[in-house]
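Structure data follow from input07.pdb (PDB, C-alpha atoms, pLDDT in the B column):
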ATOM      1  CA  MET A   1       0.000   0.000   0.000  1.00 39.00           C
ATOM      2  CA  ARG A   2       1.368   3.420  -0.936  1.00 41.00           C
ATOM      3  CA  PRO A   3       1.614   6.207   1.647  1.00 44.00           C
ATOM      4  CA  SER A   4      -1.208   8.718   1.313  1.00 45.00           C
ATOM      5  CA  ILE A   5      -1.114  12.460   0.786  1.00 42.00           C
ATOM      6  CA  SER A   6      -1.559  13.036   4.502  1.00 42.00           C
ATOM      7  CA  ARG A   7       1.990  11.928   5.355  1.00 43.00           C
ATOM      8  CA  THR A   8       3.524  14.288   2.815  1.00 45.00           C
ATOM      9  CA  ILE A   9       1.236  17.135   3.857  1.00 46.00           C
ATOM     10  CA  LEU A  10       2.429  16.845   7.436  1.00 43.00           C
ATOM     11  CA  GLY A  11       6.047  17.453   6.424  1.00 45.00           C
ATOM     12  CA  ILE A  12       5.117  20.277   4.092  1.00 48.00           C
ATOM     13  CA  LEU A  13       2.891  21.925   6.694  1.00 46.00           C
ATOM     14  CA  ALA A  14       5.583  21.711   9.329  1.00 43.00           C
ATOM     15  CA  THR A  15       7.972  23.472   6.928  1.00 45.00           C
ATOM     16  CA  MET A  16       5.349  26.058   6.001  1.00 48.00           C
ATOM     17  CA  GLY A  17       4.490  26.706   9.626  1.00 47.00           C
ATOM     18  CA  LEU A  18       8.153  27.294  10.384  1.00 42.00           C
ATOM     19  CA  LEU A  19       8.484  29.675   7.427  1.00 43.00           C
ATOM     20  CA  ALA A  20       5.360  31.521   8.517  1.00 43.00           C
ATOM     21  CA  ALA A  21       6.556  31.753  12.102  1.00 43.00           C
ATOM     22  CA  LEU A  22       9.932  33.095  11.008  1.00 41.00           C
ATOM     23  CA  GLY A  23       8.363  35.698   8.739  1.00 44.00           C
ATOM     24  CA  ALA A  24       5.395  36.694  10.864  1.00 45.00           C
ATOM     25  CA  GLY A  25       5.387  39.491  13.385  1.00 43.00           C
ATOM     26  CA  PRO A  26       2.802  39.989  16.127  1.00 45.00           C
ATOM     27  CA  VAL A  27      -0.554  38.572  15.108  1.00 42.00           C
ATOM     28  CA  ALA A  28      -3.499  40.952  15.180  1.00 43.00           C
ATOM     29  CA  ALA A  29      -6.838  39.702  16.479  1.00 49.00           C
ATOM     30  CA  ALA A  30      -8.665  41.065  13.394  1.00 62.00           C
ATOM     31  CA  GLY A  31      -6.814  38.902  10.834  1.00 71.00           C
ATOM     32  CA  PRO A  32      -5.996  37.680   8.514  1.00 94.00           C
ATOM     33  CA  ASP A  33      -2.357  38.491   8.912  1.00 96.00           C
ATOM     34  CA  ILE A  34      -0.746  37.877   5.508  1.00 96.00           C
ATOM     35  CA  VAL A  35       2.886  36.863   5.058  1.00 97.00           C
ATOM     36  CA  ARG A  36       4.468  36.307   1.651  1.00 97.00           C
ATOM     37  CA  GLN A  37       7.679  34.316   1.832  1.00 96.00           C
ATOM     38  CA  PRO A  38       9.894  33.791  -1.239  1.00 97.00           C
ATOM     39  CA  VAL A  39      11.170  30.204  -1.276  1.00 96.00           C
ATOM     40  CA  ASP A  40      14.207  29.046  -3.233  1.00 96.00           C
ATOM     41  CA  ASP A  41      15.854  26.004  -1.741  1.00 95.00           C
ATOM     42  CA  THR A  42      17.381  22.726  -2.826  1.00 96.00           C
ATOM     43  CA  ARG A  43      17.382  19.380  -1.085  1.00 95.00           C
ATOM     44  CA  PHE A  44      19.413  16.281  -1.869  1.00 96.00           C
ATOM     45  CA  PHE A  45      17.715  12.869  -1.581  1.00 95.00           C
ATOM     46  CA  PRO A  46      20.231   9.999  -1.400  1.00 96.00           C
ATOM     47  CA  ALA A  47      19.578   6.804  -3.357  1.00 95.00           C
ATOM     48  CA  GLY A  48      16.811   4.817  -1.704  1.00 93.00           C
ATOM     49  CA  THR A  49      14.890   7.777  -0.255  1.00 91.00           C
ATOM     50  CA  ARG A  50      13.019   8.842  -3.433  1.00 88.00           C
ATOM     51  CA  CYS A  51      14.438   6.621  -6.169  1.00 92.00           C
ATOM     52  CA  ALA A  52      17.032   3.861  -6.475  1.00 95.00           C
ATOM     53  CA  PHE A  53      19.452   6.666  -7.450  1.00 96.00           C
ATOM     54  CA  ASP A  54      20.285  10.097  -6.032  1.00 97.00           C
ATOM     55  CA  VAL A  55      17.744  12.862  -6.676  1.00 96.00           C
ATOM     56  CA  GLN A  56      18.003  16.610  -6.204  1.00 96.00           C
ATOM     57  CA  GLY A  57      14.833  18.614  -5.522  1.00 94.00           C
ATOM     58  CA  ALA A  58      14.862  22.367  -6.188  1.00 96.00           C
ATOM     59  CA  ARG A  59      11.789  24.175  -4.781  1.00 94.00           C
ATOM     60  CA  SER A  60      10.874  27.731  -5.702  1.00 95.00           C
ATOM     61  CA  GLY A  61       7.959  30.117  -5.634  1.00 95.00           C
ATOM     62  CA  THR A  62       6.233  32.394  -3.158  1.00 96.00           C
ATOM     63  CA  LEU A  63       4.416  30.910  -0.190  1.00 94.00           C
ATOM     64  CA  THR A  64       1.555  33.052   1.104  1.00 95.00           C
ATOM     65  CA  THR A  65       0.358  32.363   4.632  1.00 95.00           C
ATOM     66  CA  ARG A  66      -2.896  33.855   5.892  1.00 96.00           C
ATOM     67  CA  THR A  67      -3.489  33.604   9.619  1.00 96.00           C
ATOM     68  CA  TRP A  68      -6.757  34.313  11.400  1.00 96.00           C
ATOM     69  CA  THR A  69      -6.831  34.690  15.170  1.00 93.00           C
ATOM     70  CA  ASP A  70      -9.426  35.150  17.858  1.00 91.00           C
ATOM     71  CA  ALA A  71      -9.533  38.033  20.360  1.00 90.00           C
ATOM     72  CA  SER A  72      -6.946  36.294  22.565  1.00 90.00           C
ATOM     73  CA  GLY A  73      -4.502  35.980  19.660  1.00 90.00           C
ATOM     74  CA  ALA A  74      -4.941  32.200  19.331  1.00 91.00           C
ATOM     75  CA  ILE A  75      -4.792  30.945  15.756  1.00 91.00           C
ATOM     76  CA  THR A  76      -8.191  29.865  14.504  1.00 94.00           C
ATOM     77  CA  ARG A  77      -7.257  29.162  10.878  1.00 94.00           C
ATOM     78  CA  GLN A  78      -4.250  29.320   8.566  1.00 95.00           C
ATOM     79  CA  THR A  79      -4.102  28.892   4.815  1.00 94.00           C
ATOM     80  CA  PHE A  80      -0.954  28.278   2.808  1.00 93.00           C
ATOM     81  CA  THR A  81      -0.956  28.883  -0.950  1.00 91.00           C
ATOM     82  CA  TRP A  82       1.772  29.035  -3.583  1.00 91.00           C
ATOM     83  CA  SER A  83       2.356  31.522  -6.389  1.00 92.00           C
ATOM     84  CA  ASP A  84       4.469  29.994  -9.151  1.00 91.00           C
ATOM     85  CA  GLY A  85       5.367  27.186  -6.734  1.00 91.00           C
ATOM     86  CA  LYS A  86       7.188  24.226  -8.164  1.00 90.00           C
ATOM     87  CA  ILE A  87       9.713  21.532  -7.384  1.00 91.00           C
ATOM     88  CA  THR A  88      12.097  20.347 -10.063  1.00 92.00           C
ATOM     89  CA  TYR A  89      13.442  16.880  -9.329  1.00 92.00           C
ATOM     90  CA  THR A  90      16.676  16.029 -11.158  1.00 94.00           C
ATOM     91  CA  ASN A  91      18.767  12.904 -11.489  1.00 96.00           C
ATOM     92  CA  PRO A  92      22.309  14.353 -11.174  1.00 97.00           C
ATOM     93  CA  ALA A  93      23.816  11.320 -12.911  1.00 97.00           C
ATOM     94  CA  ASN A  94      22.050  11.913 -16.238  1.00 97.00           C
ATOM     95  CA  GLY A  95      20.500  15.407 -15.991  1.00 95.00           C
ATOM     96  CA  LYS A  96      16.914  14.184 -16.543  1.00 92.00           C
ATOM     97  CA  SER A  97      14.295  16.121 -14.595  1.00 90.00           C
ATOM     98  CA  VAL A  98      10.574  16.392 -13.890  1.00 87.00           C
ATOM     99  CA  ARG A  99       8.686  19.332 -12.486  1.00 86.00           C
ATOM    100  CA  THR A 100       5.800  19.228 -10.049  1.00 85.00           C
ATOM    101  CA  ILE A 101       3.538  22.204  -9.502  1.00 83.00           C
ATOM    102  CA  LEU A 102       2.638  23.285  -5.965  1.00 83.00           C
ATOM    103  CA  ALA A 103      -0.720  24.942  -5.515  1.00 74.00           C
ATOM    104  CA  GLY A 104      -2.687  23.975  -2.437  1.00 75.00           C
ATOM    105  CA  PRO A 105      -4.284  25.535  -0.596  1.00 88.00           C
ATOM    106  CA  PHE A 106      -3.323  23.859   2.652  1.00 88.00           C
ATOM    107  CA  ILE A 107      -5.837  24.778   5.333  1.00 93.00           C
ATOM    108  CA  PHE A 108      -4.956  24.332   9.020  1.00 94.00           C
ATOM    109  CA  GLU A 109      -7.730  24.669  11.623  1.00 95.00           C
ATOM    110  CA  PRO A 110      -6.908  24.065  15.316  1.00 95.00           C
ATOM    111  CA  LEU A 111      -9.763  22.450  17.241  1.00 95.00           C
ATOM    112  CA  GLY A 112      -8.735  23.776  20.660  1.00 92.00           C
ATOM    113  CA  ASP A 113      -7.994  20.336  22.113  1.00 96.00           C
ATOM    114  CA  GLY A 114      -4.427  19.935  20.856  1.00 95.00           C
ATOM    115  CA  THR A 115      -5.544  18.606  17.487  1.00 97.00           C
ATOM    116  CA  ALA A 116      -6.232  20.267  14.158  1.00 96.00           C
ATOM    117  CA  ILE A 117      -7.960  19.525  10.880  1.00 95.00           C
ATOM    118  CA  VAL A 118      -5.761  19.802   7.781  1.00 92.00           C
ATOM    119  CA  THR A 119      -7.624  20.125   4.486  1.00 91.00           C
ATOM    120  CA  VAL A 120      -6.012  20.180   1.044  1.00 87.00           C
ATOM    121  CA  PRO A 121      -8.542  20.799  -1.736  1.00 86.00           C
ATOM    122  CA  GLY A 122      -6.312  20.885  -4.778  1.00 76.00           C
ATOM    123  CA  ASN A 123      -2.902  19.962  -6.078  1.00 71.00           C
ATOM    124  CA  ASN A 124       0.053  18.982  -3.944  1.00 69.00           C
ATOM    125  CA  GLN A 125       2.605  17.674  -6.427  1.00 76.00           C
ATOM    126  CA  ALA A 126       1.661  15.820  -9.563  1.00 76.00           C
ATOM    127  CA  VAL A 127       4.457  14.317 -11.647  1.00 77.00           C
ATOM    128  CA  VAL A 128       3.663  14.786 -15.336  1.00 75.00           C
ATOM    129  CA  ALA A 129       6.419  14.242 -17.879  1.00 77.00           C
ATOM    130  CA  PRO A 130       6.638  14.441 -21.692  1.00 77.00           C
ATOM    131  CA  GLY A 131       6.297  10.965 -23.142  1.00 80.00           C
ATOM    132  CA  PHE A 132       4.790   9.657 -19.901  1.00 78.00           C
ATOM    133  CA  GLY A 133       1.814  11.910 -19.105  1.00 75.00           C
ATOM    134  CA  PHE A 134       0.494  11.775 -15.536  1.00 77.00           C
ATOM    135  CA  ILE A 135       2.764   9.447 -13.571  1.00 77.00           C
ATOM    136  CA  GLN A 136       1.754   9.865  -9.947  1.00 76.00           C
ATOM    137  CA  GLY A 137       0.607  12.606  -7.661  1.00 73.00           C
ATOM    138  CA  GLN A 138      -1.562  14.108  -5.022  1.00 72.00           C
ATOM    139  CA  THR A 139      -4.557  15.865  -6.500  1.00 73.00           C
ATOM    140  CA  GLY A 140      -8.122  16.060  -5.268  1.00 74.00           C
ATOM    141  CA  LEU A 141      -9.275  16.433  -1.675  1.00 85.00           C
ATOM    142  CA  SER A 142      -7.614  15.319   1.541  1.00 86.00           C
ATOM    143  CA  LYS A 143      -8.836  15.946   5.085  1.00 91.00           C
ATOM    144  CA  THR A 144      -6.864  14.692   8.097  1.00 90.00           C
ATOM    145  CA  LEU A 145      -6.770  15.044  11.857  1.00 95.00           C
ATOM    146  CA  VAL A 146      -3.282  15.881  13.165  1.00 94.00           C
ATOM    147  CA  ASP A 147      -1.521  16.738  16.390  1.00 95.00           C
ATOM    148  CA  GLU A 148      -1.494  20.550  16.475  1.00 92.00           C
ATOM    149  CA  VAL A 149       2.154  20.823  17.535  1.00 91.00           C
ATOM    150  CA  THR A 150       3.954  17.900  15.890  1.00 92.00           C
ATOM    151  CA  PHE A 151       1.634  17.476  12.855  1.00 88.00           C
ATOM    152  CA  ALA A 152       1.621  13.727  13.606  1.00 92.00           C
ATOM    153  CA  LEU A 153      -1.170  12.047  11.665  1.00 90.00           C
ATOM    154  CA  LEU A 154      -3.984  10.944  13.976  1.00 96.00           C
ATOM    155  CA  ALA A 155      -6.661  10.009  11.437  1.00 94.00           C
ATOM    156  CA  VAL A 156      -7.470  10.251   7.750  1.00 90.00           C
ATOM    157  CA  LEU A 157     -10.950  11.760   7.598  1.00 92.00           C
ATOM    158  CA  HIS A 158     -11.415  11.885   3.831  1.00 88.00           C
ATOM    159  CA  GLU A 159      -9.409  11.362   0.658  1.00 82.00           C
ATOM    160  CA  ALA A 160     -10.616  11.664  -2.948  1.00 80.00           C
ATOM    161  CA  GLY A 161      -8.834  11.852  -6.293  1.00 71.00           C
ATOM    162  CA  HIS A 162      -5.236  10.776  -6.769  1.00 71.00           C
ATOM    163  CA  GLN A 163      -3.724  10.507  -3.302  1.00 69.00           C
ATOM    164  CA  GLU A 164      -0.448   8.726  -3.906  1.00 71.00           C
ATOM    165  CA  LEU A 165       3.035  10.048  -3.329  1.00 70.00           C
ATOM    166  CA  PRO A 166       4.756  11.177  -6.540  1.00 72.00           C
ATOM    167  CA  PHE A 167       7.659   8.812  -5.803  1.00 76.00           C
ATOM    168  CA  PRO A 168       8.799   6.114  -6.371  1.00 81.00           C
ATOM    169  CA  ASP A 169       6.721   6.028  -9.593  1.00 80.00           C
ATOM    170  CA  GLY A 170       8.066   9.479 -10.588  1.00 82.00           C
ATOM    171  CA  CYS A 171      11.498   7.854 -10.849  1.00 87.00           C
ATOM    172  CA  ILE A 172      10.637   6.314 -14.234  1.00 87.00           C
ATOM    173  CA  ALA A 173      10.974   9.716 -15.917  1.00 86.00           C
ATOM    174  CA  LEU A 174      14.324  10.343 -14.205  1.00 91.00           C
ATOM    175  CA  ALA A 175      15.992   7.018 -15.015  1.00 91.00           C
TER     176      ALA A 175
END
Would you put the structure from the file into structure tokens?
Amino acid sequence: MRPSISRTILGILATMGLLAALGAGPVAAAGPDIVRQPVDDTRFFPAGTRCAFDVQGARSGTLTTRTWTDASGAITRQTFTWSDGKITYTNPANGKSVRTILAGPFIFEPLGDGTAIVTVPGNNQAVVAPGFGFIQGQTGLSKTLVDEVTFALLAVLHEAGHQELPFPDGCIALA
């Protein structure tokens, strides 16, 4: 059985939350507070973590975080969306690459009991390559219950559409 979108979302949301926290100042009770964070980073995935060979992932775009708070300043909702967001995965041994588009939105809603609902109605990486077409991806609707602090997956509430990780199947276009 392939891992579902919810596991990938948790890692992405943790990263986004960190970016938002680093870029956000004091949160106003009126909300939403809007933070736009340019992202341009590269990550190396050793053989066996994405594909049977090394893969480099270069992510770029602008991440927009909207944060709503209540009168006490507690976060009631956050949305994360990308403008021109993409990840280009490259096999450094042969130069072949595929690009995935990041869109979202990712919606984070704390429930006040230490848990939160994470909803992704849209696209969160779909590997499409010339000569292959749609290979694998996460598109459609996902709704999960997570630990509010660690983003640990507690329950999958709903998944529809393509909800499979883009790798390892995305490796066929990089080989």
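Among the candidates A:Tyr89, A:Trp82, A:Phe44, A:Phe151, the one nearest to Ala173 of chain A when counting all atoms listed in the file is A:Tyr89.
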(message) Under the PyMOL selection byres ((chain A and resi 158-170) around 7), which residues of this model are included? Write them out as an NGL selection string.
(response) :A and (2-5 or 50-51 or 125-127 or 135-144 or 156-157 or 171-173)
Exercise. With the file shown as input, list the residues that the PyMOL selection byres ((chain A and resi 42) around 12) selects, as a PyMOL selection string.
Key: chain A and resi 39-41+43-45+55-60+86-90
Go ahead and dump the residues you just picked, C-alpha atoms, as a compact mmCIF listing (two decimals), keeping the file's coordinate frame.
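Below is the file that was written, selection-v9.txt:
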# COMPACT_ATOMS: atom_id res chain seq x y z
CA VAL A 39 11.17 30.20 -1.28
CA ASP A 40 14.21 29.05 -3.23
CA ASP A 41 15.85 26.00 -1.74
CA ARG A 43 17.38 19.38 -1.08
CA PHE A 44 19.41 16.28 -1.87
CA PHE A 45 17.72 12.87 -1.58
CA VAL A 55 17.74 12.86 -6.68
CA GLN A 56 18.00 16.61 -6.20
CA GLY A 57 14.83 18.61 -5.52
CA ALA A 58 14.86 22.37 -6.19
CA ARG A 59 11.79 24.18 -4.78
CA SER A 60 10.87 27.73 -5.70
CA LYS A 86 7.19 24.23 -8.16
CA ILE A 87 9.71 21.53 -7.38
CA THR A 88 12.10 20.35 -10.06
CA TYR A 89 13.44 16.88 -9.33
CA THR A 90 16.68 16.03 -11.16
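One distance worth recording is that between atom CA of Thr69 of chain A and atom CA of Pro32 of chain A, which is 7.3 Å.
Counting all atoms listed in the file and comparing A:Pro130, A:Pro38, A:Pro105, A:Pro46, the residue that lies closest to Val118 of chain A is A:Pro105.
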For Phe132 of chain A, which residue out of A:Leu154, A:Val146, A:Leu174, A:Ile34 is the nearest one, using only C-alpha atoms?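 Distance minimum relative to Phe132 of chain A lands on A:Leu174.
The smallest atom-to-atom distance between Thr64 of chain A and any of A:Leu153, A:Ala103, A:Ala47, A:Ala52, using only C-alpha atoms, is found for A:Ala103.
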Could you name the residues that touch Thr76 of chain A at 7 Å or less, counting only C-alpha atoms, but leaving out those on the same chain fewer than 3 positions away, as a ChimeraX atom specification? /A:68-70,109-110
Between atom CA of Asn91 of chain A and atom CA of Thr62 of chain A lies a distance of 24.6 Å
* Nearest to Gly133 of chain A among A:Ala116, A:Asp147, A:Ile107, A:Val98, with distances taken over only C-alpha atoms: which residue is it? ->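 Result for the nearest residue to Gly133 of chain A: A:Val98.
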